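**Student:** I have a structure here, written as structure tokens, and I will follow up with some questions on it.
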Amino acid sequence: MLLASPTETDERRIPLYRRSGFLRALSPVVLLLIWQIGSTSGWIPAKKLPAPSVVFDAGLETFRSGQLGEALLVSGQRALYGFVLGAVLALALGVLAGLSKIGEYAVDPPLQMIRTIPLFGLIPLFIIWFGIGEEPKVYLIALGVFFPLYLNTFAGIRQLDPKLLELGSALRLGVVERLRLLILPGALPQILVGVRQSLGIAWLSLIVAEQINASAGLGFVVNNAREFLRTDIVVFGLVIYSLLGLATDSIVRLLERRALRWRPAVHR
């Protein structure tokens, strides 16, 4: 029989109106109400920003036509492939630069130069290099994902207690054992912060990437709606982007609570 943790038990005893999930949902609901009232009363021009009820109807229209399911599948695959590629490279190079001065001098300077280049500025170059297929879209997302996770991995390793590294030497642990047992667990809080930031950037990068001759995906739906002046569908597409970002961030927050249960501050 599985027993609930003390934190989960305490959460159940808290009244609904005082729970963190309820309190976090209040401000979005209030904003939606203000938006609806402003639109129906004429304060907000319907052509520029339709009411939430109109946007919802447009979403139902897109869902019933089958466009939404297909678009979510295509965009989700792009975001997943780009995130995995960027995350793997970020962790590898972050560990290399964090553990070695030579690695830092070789890796960090060129990466800091590339980090200052805006994604939009790279679109023409990526089209020349990789064409207009899926590759430039995935690589743009990977590039956006890479830097937050790399910087946090590097910082997390550099902020480790030197005694932890001395412990690895005293126990005569190999490089792989030190990484698995000491270094990565010690840097995990900072790495998870980088994962959350990278997931947010992944969806922002997806919006940019899907401007490259997309024939499917959320970006295609939004651009197609723009051509026909369907502001309601454009807004609905942007809402979907934001909900996807919120959903993935919530997943990482849950994983963070599970992985860092030994830190009291995580439960506050």
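Starting from 1 in every chain, residues are counted up; chains themselves are A, B, ... following the order of the structure tokens, and ligands are numbered from 1 as listed.
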Name all residues at most 7 Å from segment 154-160 of chain A (count only C-alpha atoms; drop same-chain ones fewer than 5 positions away) and give them as a PDB file with C-alpha atoms, in the first residue's frame.
**Tutor:**
```
ATOM      1  CA  GLY A  94      27.747  22.569 -20.478  1.00  0.00           C
ATOM      2  CA  VAL A  95      29.384  19.662 -18.652  1.00  0.00           C
ATOM      3  CA  ALA A  97      32.869  23.701 -20.150  1.00  0.00           C
ATOM      4  CA  GLY A  98      31.899  23.387 -16.485  1.00  0.00           C
ATOM      5  CA  ILE A 183      28.104  16.285 -10.359  1.00  0.00           C
ATOM      6  CA  GLY A 186      24.432  18.395  -7.363  1.00  0.00           C
ATOM      7  CA  ALA A 187      23.774  20.630 -10.373  1.00  0.00           C
ATOM      8  CA  GLN A 190      20.068  24.644 -11.772  1.00  0.00           C
ATOM      9  CA  ILE A 191      19.726  22.264 -14.721  1.00  0.00           C
TER      10      ILE A 191
END
```
**Student:** Per residue of segment 123-186 of chain A within 9 Å of segment 71-81 of chain A, what are the shortest atom pair and its distance in Å to one decimal, counting only C-alpha atoms, with rows by chain and residue number, as a tab-separated table?
**Tutor:**
```
residue	atom	partner	partner_atom	distance
A:Glu134	CA	A:Arg78	CA	7.9
A:Lys137	CA	A:Arg78	CA	7.2
A:Val138	CA	A:Arg78	CA	5.7
A:Tyr139	CA	A:Tyr81	CA	8.9
A:Ile141	CA	A:Ala79	CA	6.7
A:Ala142	CA	A:Tyr81	CA	7.9
```
**Student:** What is the atom CA of Gly59 of chain A-atom CA of Ala247 of chain A distance in Å, reported with one decimal?
**Tutor:**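 Calculated distance between atom CA of Gly59 of chain A and atom CA of Ala247 of chain A is 18.1 Å.
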**Student:** At most 10 Å is the cut-off: for each residue in segment 152-246 of chain A with any atom that close to an atom of segment 48-54 of chain A, write down the nearest atom pair and the distance in Å rounded to one decimal, counting only C-alpha atoms, chain first then increasing number, as a tab-separated table.
**Tutor:**
```
residue	atom	partner	partner_atom	distance
A:Arg230	CA	A:Pro50	CA	9.8
A:Thr231	CA	A:Lys48	CA	7.0
A:Asp232	CA	A:Pro50	CA	5.9
A:Ile233	CA	A:Val54	CA	9.2
A:Val234	CA	A:Leu49	CA	9.8
A:Val235	CA	A:Leu49	CA	7.8
A:Phe236	CA	A:Pro52	CA	9.0
```
**Student:** Pick from A:Leu206, A:Leu33, A:Ala90, A:Leu181: nearest to Asp108 of chain A, with only C-alpha atoms counted?
**Tutor:**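 The answer is A:Ala90, which sits nearest to Asp108 of chain A.
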**Student:** Could you check the closest approach to Pro124 of chain A for each of A:Gly217, A:Pro189, A:Gly66, A:Pro136 and tell me which residue wins, using only C-alpha atoms?
**Tutor:**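 Looking only at the distances to Pro124 of chain A, the closest residue turns out to be A:Pro136.
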**Student:** Set the distance at 12 Å and use only C-alpha atoms: which residues neighbour Ser215 of chain A once local chain neighbours fewer than 2 positions away are removed? I'd like the list as a ChimeraX atom specification.
**Tutor:** /A:67,70-71,74-75,132-134,210-213,217-224
**Student:** I need the chosen residues saved as a compact mmCIF listing (two decimals), in the first residue's frame, with C-alpha atoms.
**Tutor:**
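File produced: part-v4.txt:
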```txt
# COMPACT_ATOMS: atom_id res chain seq x y z
CA GLN A 67 -6.98 21.18 -38.78
CA GLU A 70 -3.07 17.69 -37.47
CA ALA A 71 -1.44 21.03 -36.63
CA VAL A 74 3.15 18.42 -36.67
CA SER A 75 4.14 21.31 -34.40
CA ILE A 132 12.86 24.95 -46.76
CA GLY A 133 11.97 21.51 -45.38
CA GLU A 134 11.80 20.39 -41.77
CA GLU A 210 7.07 27.96 -38.70
CA GLN A 211 7.41 31.17 -40.68
CA ILE A 212 9.72 29.22 -43.03
CA ASN A 213 7.40 27.99 -45.77
CA GLY A 217 1.40 22.97 -38.17
CA LEU A 218 0.10 25.74 -35.95
CA GLY A 219 2.19 28.32 -37.78
CA PHE A 220 0.54 27.36 -41.07
CA VAL A 221 -2.93 27.65 -39.52
CA VAL A 222 -2.11 31.10 -38.10
CA ASN A 223 -0.54 32.39 -41.33
CA ASN A 224 -3.40 31.05 -43.42
```
**Student:** Enumerate as a PDB file with N, CA and C atoms, in the first residue's frame all residues of segment 115-214 of chain A assigned to alpha helix (DSSP H) by DSSP on the backbone, naming them with the chain letters and numbers the document uses.
**Tutor:**
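Output below, filename states26.pdb:
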```
ATOM      1  N   ARG A 115      25.225  33.342 -29.282  1.00  0.00           N
ATOM      2  CA  ARG A 115      24.043  33.597 -28.439  1.00  0.00           C
ATOM      3  C   ARG A 115      23.438  34.972 -28.704  1.00  0.00           C
ATOM      4  N   LEU A 119      17.263  34.933 -33.630  1.00  0.00           N
ATOM      5  CA  LEU A 119      16.805  33.822 -34.457  1.00  0.00           C
ATOM      6  C   LEU A 119      16.299  34.288 -35.817  1.00  0.00           C
ATOM      7  N   PHE A 120      15.590  35.412 -35.841  1.00  0.00           N
ATOM      8  CA  PHE A 120      15.076  35.913 -37.111  1.00  0.00           C
ATOM      9  C   PHE A 120      16.212  36.210 -38.089  1.00  0.00           C
ATOM     10  N   GLY A 121      17.348  36.646 -37.550  1.00  0.00           N
ATOM     11  CA  GLY A 121      18.488  36.942 -38.412  1.00  0.00           C
ATOM     12  C   GLY A 121      19.105  35.708 -39.030  1.00  0.00           C
ATOM     13  N   LEU A 122      18.851  34.553 -38.434  1.00  0.00           N
ATOM     14  CA  LEU A 122      19.428  33.314 -38.946  1.00  0.00           C
ATOM     15  C   LEU A 122      18.542  32.606 -39.963  1.00  0.00           C
ATOM     16  N   ILE A 123      17.305  33.036 -40.109  1.00  0.00           N
ATOM     17  CA  ILE A 123      16.386  32.356 -41.022  1.00  0.00           C
ATOM     18  C   ILE A 123      16.914  32.309 -42.452  1.00  0.00           C
ATOM     19  N   PRO A 124      17.352  33.437 -43.047  1.00  0.00           N
ATOM     20  CA  PRO A 124      17.863  33.352 -44.430  1.00  0.00           C
ATOM     21  C   PRO A 124      19.046  32.402 -44.557  1.00  0.00           C
ATOM     22  N   LEU A 125      19.955  32.421 -43.577  1.00  0.00           N
ATOM     23  CA  LEU A 125      21.127  31.553 -43.636  1.00  0.00           C
ATOM     24  C   LEU A 125      20.729  30.082 -43.517  1.00  0.00           C
ATOM     25  N   PHE A 126      19.791  29.786 -42.627  1.00  0.00           N
ATOM     26  CA  PHE A 126      19.347  28.398 -42.455  1.00  0.00           C
ATOM     27  C   PHE A 126      18.629  27.894 -43.719  1.00  0.00           C
ATOM     28  N   ILE A 127      17.902  28.783 -44.401  1.00  0.00           N
ATOM     29  CA  ILE A 127      17.246  28.384 -45.644  1.00  0.00           C
ATOM     30  C   ILE A 127      18.292  28.045 -46.707  1.00  0.00           C
ATOM     31  N   ILE A 128      19.355  28.852 -46.795  1.00  0.00           N
ATOM     32  CA  ILE A 128      20.434  28.577 -47.751  1.00  0.00           C
ATOM     33  C   ILE A 128      21.126  27.265 -47.420  1.00  0.00           C
ATOM     34  N   TRP A 129      21.368  27.026 -46.134  1.00  0.00           N
ATOM     35  CA  TRP A 129      22.090  25.824 -45.715  1.00  0.00           C
ATOM     36  C   TRP A 129      21.249  24.564 -45.822  1.00  0.00           C
ATOM     37  N   PHE A 130      20.001  24.636 -45.342  1.00  0.00           N
ATOM     38  CA  PHE A 130      19.204  23.421 -45.152  1.00  0.00           C
ATOM     39  C   PHE A 130      17.940  23.358 -46.003  1.00  0.00           C
ATOM     40  N   GLU A 135      14.258  20.491 -41.721  1.00  0.00           N
ATOM     41  CA  GLU A 135      15.551  20.668 -41.046  1.00  0.00           C
ATOM     42  C   GLU A 135      15.752  22.066 -40.473  1.00  0.00           C
ATOM     43  N   PRO A 136      15.555  23.148 -41.251  1.00  0.00           N
ATOM     44  CA  PRO A 136      15.804  24.465 -40.658  1.00  0.00           C
ATOM     45  C   PRO A 136      14.876  24.786 -39.489  1.00  0.00           C
ATOM     46  N   LYS A 137      13.659  24.272 -39.523  1.00  0.00           N
ATOM     47  CA  LYS A 137      12.720  24.510 -38.423  1.00  0.00           C
ATOM     48  C   LYS A 137      13.220  23.835 -37.139  1.00  0.00           C
ATOM     49  N   VAL A 138      13.620  22.564 -37.271  1.00  0.00           N
ATOM     50  CA  VAL A 138      14.111  21.820 -36.105  1.00  0.00           C
ATOM     51  C   VAL A 138      15.396  22.446 -35.571  1.00  0.00           C
ATOM     52  N   TYR A 139      16.300  22.857 -36.460  1.00  0.00           N
ATOM     53  CA  TYR A 139      17.577  23.419 -36.018  1.00  0.00           C
ATOM     54  C   TYR A 139      17.396  24.783 -35.353  1.00  0.00           C
ATOM     55  N   LEU A 140      16.434  25.568 -35.836  1.00  0.00           N
ATOM     56  CA  LEU A 140      16.162  26.853 -35.175  1.00  0.00           C
ATOM     57  C   LEU A 140      15.629  26.637 -33.761  1.00  0.00           C
ATOM     58  N   ILE A 141      14.743  25.677 -33.601  1.00  0.00           N
ATOM     59  CA  ILE A 141      14.223  25.364 -32.266  1.00  0.00           C
ATOM     60  C   ILE A 141      15.348  24.866 -31.369  1.00  0.00           C
ATOM     61  N   ALA A 142      16.198  23.980 -31.908  1.00  0.00           N
ATOM     62  CA  ALA A 142      17.323  23.451 -31.128  1.00  0.00           C
ATOM     63  C   ALA A 142      18.249  24.572 -30.685  1.00  0.00           C
ATOM     64  N   LEU A 143      18.484  25.535 -31.559  1.00  0.00           N
ATOM     65  CA  LEU A 143      19.364  26.656 -31.203  1.00  0.00           C
ATOM     66  C   LEU A 143      18.747  27.506 -30.096  1.00  0.00           C
ATOM     67  N   GLY A 144      17.444  27.742 -30.188  1.00  0.00           N
ATOM     68  CA  GLY A 144      16.779  28.496 -29.130  1.00  0.00           C
ATOM     69  C   GLY A 144      16.790  27.766 -27.804  1.00  0.00           C
ATOM     70  N   VAL A 145      16.628  26.449 -27.840  1.00  0.00           N
ATOM     71  CA  VAL A 145      16.628  25.631 -26.632  1.00  0.00           C
ATOM     72  C   VAL A 145      18.013  25.569 -25.997  1.00  0.00           C
ATOM     73  N   PHE A 146      19.037  25.570 -26.823  1.00  0.00           N
ATOM     74  CA  PHE A 146      20.393  25.268 -26.382  1.00  0.00           C
ATOM     75  C   PHE A 146      20.906  26.211 -25.295  1.00  0.00           C
ATOM     76  N   PHE A 147      20.800  27.505 -25.499  1.00  0.00           N
ATOM     77  CA  PHE A 147      21.544  28.445 -24.659  1.00  0.00           C
ATOM     78  C   PHE A 147      21.056  28.532 -23.219  1.00  0.00           C
ATOM     79  N   PRO A 148      19.752  28.596 -22.931  1.00  0.00           N
ATOM     80  CA  PRO A 148      19.357  28.617 -21.508  1.00  0.00           C
ATOM     81  C   PRO A 148      19.824  27.389 -20.746  1.00  0.00           C
ATOM     82  N   LEU A 149      19.719  26.219 -21.375  1.00  0.00           N
ATOM     83  CA  LEU A 149      20.120  24.995 -20.694  1.00  0.00           C
ATOM     84  C   LEU A 149      21.635  24.904 -20.563  1.00  0.00           C
ATOM     85  N   TYR A 150      22.355  25.335 -21.576  1.00  0.00           N
ATOM     86  CA  TYR A 150      23.821  25.335 -21.499  1.00  0.00           C
ATOM     87  C   TYR A 150      24.302  26.250 -20.375  1.00  0.00           C
ATOM     88  N   LEU A 151      23.772  27.466 -20.317  1.00  0.00           N
ATOM     89  CA  LEU A 151      24.212  28.432 -19.304  1.00  0.00           C
ATOM     90  C   LEU A 151      23.894  27.938 -17.899  1.00  0.00           C
ATOM     91  N   ASN A 152      22.722  27.354 -17.709  1.00  0.00           N
ATOM     92  CA  ASN A 152      22.348  26.867 -16.380  1.00  0.00           C
ATOM     93  C   ASN A 152      23.147  25.633 -15.992  1.00  0.00           C
ATOM     94  N   THR A 153      23.434  24.756 -16.959  1.00  0.00           N
ATOM     95  CA  THR A 153      24.261  23.586 -16.664  1.00  0.00           C
ATOM     96  C   THR A 153      25.668  24.017 -16.277  1.00  0.00           C
ATOM     97  N   PHE A 154      26.220  24.931 -17.032  1.00  0.00           N
ATOM     98  CA  PHE A 154      27.562  25.457 -16.747  1.00  0.00           C
ATOM     99  C   PHE A 154      27.606  26.100 -15.362  1.00  0.00           C
ATOM    100  N   ALA A 155      26.615  26.959 -15.065  1.00  0.00           N
ATOM    101  CA  ALA A 155      26.578  27.639 -13.767  1.00  0.00           C
ATOM    102  C   ALA A 155      26.368  26.654 -12.626  1.00  0.00           C
ATOM    103  N   GLY A 156      25.493  25.658 -12.834  1.00  0.00           N
ATOM    104  CA  GLY A 156      25.236  24.679 -11.783  1.00  0.00           C
ATOM    105  C   GLY A 156      26.468  23.874 -11.418  1.00  0.00           C
ATOM    106  N   ILE A 157      27.265  23.506 -12.412  1.00  0.00           N
ATOM    107  CA  ILE A 157      28.487  22.736 -12.145  1.00  0.00           C
ATOM    108  C   ILE A 157      29.534  23.617 -11.473  1.00  0.00           C
ATOM    109  N   ARG A 158      29.660  24.845 -11.931  1.00  0.00           N
ATOM    110  CA  ARG A 158      30.658  25.734 -11.342  1.00  0.00           C
ATOM    111  C   ARG A 158      30.321  26.130  -9.905  1.00  0.00           C
ATOM    112  N   PRO A 162      33.165  22.512  -3.599  1.00  0.00           N
ATOM    113  CA  PRO A 162      34.436  21.829  -3.916  1.00  0.00           C
ATOM    114  C   PRO A 162      34.635  20.546  -3.112  1.00  0.00           C
ATOM    115  N   LYS A 163      34.041  20.488  -1.916  1.00  0.00           N
ATOM    116  CA  LYS A 163      34.178  19.275  -1.107  1.00  0.00           C
ATOM    117  C   LYS A 163      33.511  18.076  -1.781  1.00  0.00           C
ATOM    118  N   LEU A 164      32.492  18.356  -2.588  1.00  0.00           N
ATOM    119  CA  LEU A 164      31.825  17.270  -3.301  1.00  0.00           C
ATOM    120  C   LEU A 164      32.764  16.653  -4.326  1.00  0.00           C
ATOM    121  N   LEU A 165      33.524  17.505  -4.995  1.00  0.00           N
ATOM    122  CA  LEU A 165      34.490  17.006  -5.973  1.00  0.00           C
ATOM    123  C   LEU A 165      35.642  16.289  -5.276  1.00  0.00           C
ATOM    124  N   GLU A 166      36.030  16.801  -4.109  1.00  0.00           N
ATOM    125  CA  GLU A 166      37.087  16.129  -3.348  1.00  0.00           C
ATOM    126  C   GLU A 166      36.634  14.743  -2.888  1.00  0.00           C
ATOM    127  N   LEU A 167      35.346  14.628  -2.600  1.00  0.00           N
ATOM    128  CA  LEU A 167      34.802  13.335  -2.201  1.00  0.00           C
ATOM    129  C   LEU A 167      34.951  12.319  -3.331  1.00  0.00           C
ATOM    130  N   GLY A 168      34.696  12.764  -4.559  1.00  0.00           N
ATOM    131  CA  GLY A 168      34.857  11.877  -5.696  1.00  0.00           C
ATOM    132  C   GLY A 168      36.284  11.400  -5.855  1.00  0.00           C
ATOM    133  N   SER A 169      37.233  12.301  -5.608  1.00  0.00           N
ATOM    134  CA  SER A 169      38.645  11.908  -5.687  1.00  0.00           C
ATOM    135  C   SER A 169      39.004  10.947  -4.561  1.00  0.00           C
ATOM    136  N   ALA A 170      38.483  11.207  -3.363  1.00  0.00           N
ATOM    137  CA  ALA A 170      38.795  10.347  -2.218  1.00  0.00           C
ATOM    138  C   ALA A 170      38.244   8.935  -2.414  1.00  0.00           C
ATOM    139  N   VAL A 175      35.274   9.048 -14.075  1.00  0.00           N
ATOM    140  CA  VAL A 175      34.619  10.247 -14.604  1.00  0.00           C
ATOM    141  C   VAL A 175      33.113  10.030 -14.730  1.00  0.00           C
ATOM    142  N   VAL A 176      32.721   8.890 -15.278  1.00  0.00           N
ATOM    143  CA  VAL A 176      31.294   8.606 -15.460  1.00  0.00           C
ATOM    144  C   VAL A 176      30.589   8.495 -14.107  1.00  0.00           C
ATOM    145  N   GLU A 177      31.229   7.869 -13.132  1.00  0.00           N
ATOM    146  CA  GLU A 177      30.625   7.724 -11.807  1.00  0.00           C
ATOM    147  C   GLU A 177      30.487   9.073 -11.122  1.00  0.00           C
ATOM    148  N   ARG A 178      31.510   9.925 -11.279  1.00  0.00           N
ATOM    149  CA  ARG A 178      31.409  11.266 -10.681  1.00  0.00           C
ATOM    150  C   ARG A 178      30.247  12.048 -11.288  1.00  0.00           C
ATOM    151  N   LEU A 184      26.106  15.698 -11.628  1.00  0.00           N
ATOM    152  CA  LEU A 184      24.780  15.980 -12.177  1.00  0.00           C
ATOM    153  C   LEU A 184      23.700  16.087 -11.090  1.00  0.00           C
ATOM    154  N   PRO A 185      23.683  15.192 -10.069  1.00  0.00           N
ATOM    155  CA  PRO A 185      22.709  15.411  -8.986  1.00  0.00           C
ATOM    156  C   PRO A 185      22.904  16.733  -8.258  1.00  0.00           C
ATOM    157  N   GLY A 186      24.179  17.131  -8.047  1.00  0.00           N
ATOM    158  CA  GLY A 186      24.432  18.395  -7.363  1.00  0.00           C
ATOM    159  C   GLY A 186      24.006  19.603  -8.174  1.00  0.00           C
ATOM    160  N   ALA A 187      24.144  19.502  -9.499  1.00  0.00           N
ATOM    161  CA  ALA A 187      23.774  20.630 -10.373  1.00  0.00           C
ATOM    162  C   ALA A 187      22.329  20.541 -10.841  1.00  0.00           C
ATOM    163  N   LEU A 188      21.604  19.502 -10.438  1.00  0.00           N
ATOM    164  CA  LEU A 188      20.257  19.261 -10.946  1.00  0.00           C
ATOM    165  C   LEU A 188      19.283  20.426 -10.733  1.00  0.00           C
ATOM    166  N   PRO A 189      19.267  21.088  -9.564  1.00  0.00           N
ATOM    167  CA  PRO A 189      18.338  22.219  -9.415  1.00  0.00           C
ATOM    168  C   PRO A 189      18.534  23.292 -10.483  1.00  0.00           C
ATOM    169  N   GLN A 190      19.791  23.630 -10.760  1.00  0.00           N
ATOM    170  CA  GLN A 190      20.068  24.644 -11.772  1.00  0.00           C
ATOM    171  C   GLN A 190      19.742  24.123 -13.173  1.00  0.00           C
ATOM    172  N   ILE A 191      20.019  22.848 -13.417  1.00  0.00           N
ATOM    173  CA  ILE A 191      19.726  22.264 -14.721  1.00  0.00           C
ATOM    174  C   ILE A 191      18.220  22.285 -14.994  1.00  0.00           C
ATOM    175  N   LEU A 192      17.414  21.984 -13.982  1.00  0.00           N
ATOM    176  CA  LEU A 192      15.963  21.976 -14.165  1.00  0.00           C
ATOM    177  C   LEU A 192      15.426  23.378 -14.428  1.00  0.00           C
ATOM    178  N   VAL A 193      16.060  24.383 -13.830  1.00  0.00           N
ATOM    179  CA  VAL A 193      15.697  25.771 -14.162  1.00  0.00           C
ATOM    180  C   VAL A 193      15.956  26.019 -15.646  1.00  0.00           C
ATOM    181  N   GLY A 194      17.096  25.533 -16.136  1.00  0.00           N
ATOM    182  CA  GLY A 194      17.415  25.669 -17.547  1.00  0.00           C
ATOM    183  C   GLY A 194      16.433  24.931 -18.439  1.00  0.00           C
ATOM    184  N   VAL A 195      15.968  23.761 -17.993  1.00  0.00           N
ATOM    185  CA  VAL A 195      14.988  22.997 -18.770  1.00  0.00           C
ATOM    186  C   VAL A 195      13.688  23.787 -18.898  1.00  0.00           C
ATOM    187  N   ARG A 196      13.245  24.390 -17.808  1.00  0.00           N
ATOM    188  CA  ARG A 196      12.015  25.185 -17.863  1.00  0.00           C
ATOM    189  C   ARG A 196      12.159  26.372 -18.808  1.00  0.00           C
ATOM    190  N   GLN A 197      13.285  27.048 -18.721  1.00  0.00           N
ATOM    191  CA  GLN A 197      13.520  28.175 -19.620  1.00  0.00           C
ATOM    192  C   GLN A 197      13.603  27.713 -21.070  1.00  0.00           C
ATOM    193  N   SER A 198      14.275  26.589 -21.289  1.00  0.00           N
ATOM    194  CA  SER A 198      14.439  26.086 -22.649  1.00  0.00           C
ATOM    195  C   SER A 198      13.113  25.657 -23.257  1.00  0.00           C
ATOM    196  N   LEU A 199      12.225  25.076 -22.455  1.00  0.00           N
ATOM    197  CA  LEU A 199      10.921  24.687 -22.980  1.00  0.00           C
ATOM    198  C   LEU A 199      10.115  25.908 -23.414  1.00  0.00           C
ATOM    199  N   GLY A 200      10.203  26.982 -22.633  1.00  0.00           N
ATOM    200  CA  GLY A 200       9.530  28.214 -23.036  1.00  0.00           C
ATOM    201  C   GLY A 200      10.097  28.760 -24.338  1.00  0.00           C
ATOM    202  N   ILE A 201      11.424  28.753 -24.449  1.00  0.00           N
ATOM    203  CA  ILE A 201      12.063  29.227 -25.672  1.00  0.00           C
ATOM    204  C   ILE A 201      11.739  28.308 -26.842  1.00  0.00           C
ATOM    205  N   ALA A 202      11.546  27.013 -26.581  1.00  0.00           N
ATOM    206  CA  ALA A 202      11.227  26.064 -27.658  1.00  0.00           C
ATOM    207  C   ALA A 202       9.941  26.470 -28.370  1.00  0.00           C
ATOM    208  N   TRP A 203       8.920  26.859 -27.592  1.00  0.00           N
ATOM    209  CA  TRP A 203       7.657  27.247 -28.227  1.00  0.00           C
ATOM    210  C   TRP A 203       7.782  28.595 -28.917  1.00  0.00           C
ATOM    211  N   LEU A 204       8.565  29.516 -28.344  1.00  0.00           N
ATOM    212  CA  LEU A 204       8.809  30.792 -29.027  1.00  0.00           C
ATOM    213  C   LEU A 204       9.577  30.572 -30.327  1.00  0.00           C
ATOM    214  N   SER A 205      10.565  29.685 -30.281  1.00  0.00           N
ATOM    215  CA  SER A 205      11.345  29.385 -31.481  1.00  0.00           C
ATOM    216  C   SER A 205      10.483  28.684 -32.527  1.00  0.00           C
ATOM    217  N   LEU A 206       9.520  27.874 -32.062  1.00  0.00           N
ATOM    218  CA  LEU A 206       8.631  27.200 -32.999  1.00  0.00           C
ATOM    219  C   LEU A 206       7.821  28.212 -33.805  1.00  0.00           C
ATOM    220  N   ILE A 207       7.354  29.263 -33.138  1.00  0.00           N
ATOM    221  CA  ILE A 207       6.606  30.305 -33.846  1.00  0.00           C
ATOM    222  C   ILE A 207       7.473  30.918 -34.938  1.00  0.00           C
ATOM    223  N   VAL A 208       8.737  31.198 -34.609  1.00  0.00           N
ATOM    224  CA  VAL A 208       9.666  31.757 -35.593  1.00  0.00           C
ATOM    225  C   VAL A 208       9.928  30.746 -36.703  1.00  0.00           C
ATOM    226  N   ALA A 209      10.188  29.487 -36.316  1.00  0.00           N
ATOM    227  CA  ALA A 209      10.552  28.460 -37.296  1.00  0.00           C
ATOM    228  C   ALA A 209       9.423  28.197 -38.286  1.00  0.00           C
TER     229      ALA A 209
END
```
**Student:** Quick one: of A:Leu254, A:Leu85, A:Ala225, A:Leu246, who's nearest to Ala25 of chain A, counting only C-alpha atoms?
**Tutor:**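 Of A:Leu254, A:Leu85, A:Ala225, A:Leu246, the one nearest Ala25 of chain A is A:Leu246, counting only C-alpha atoms.
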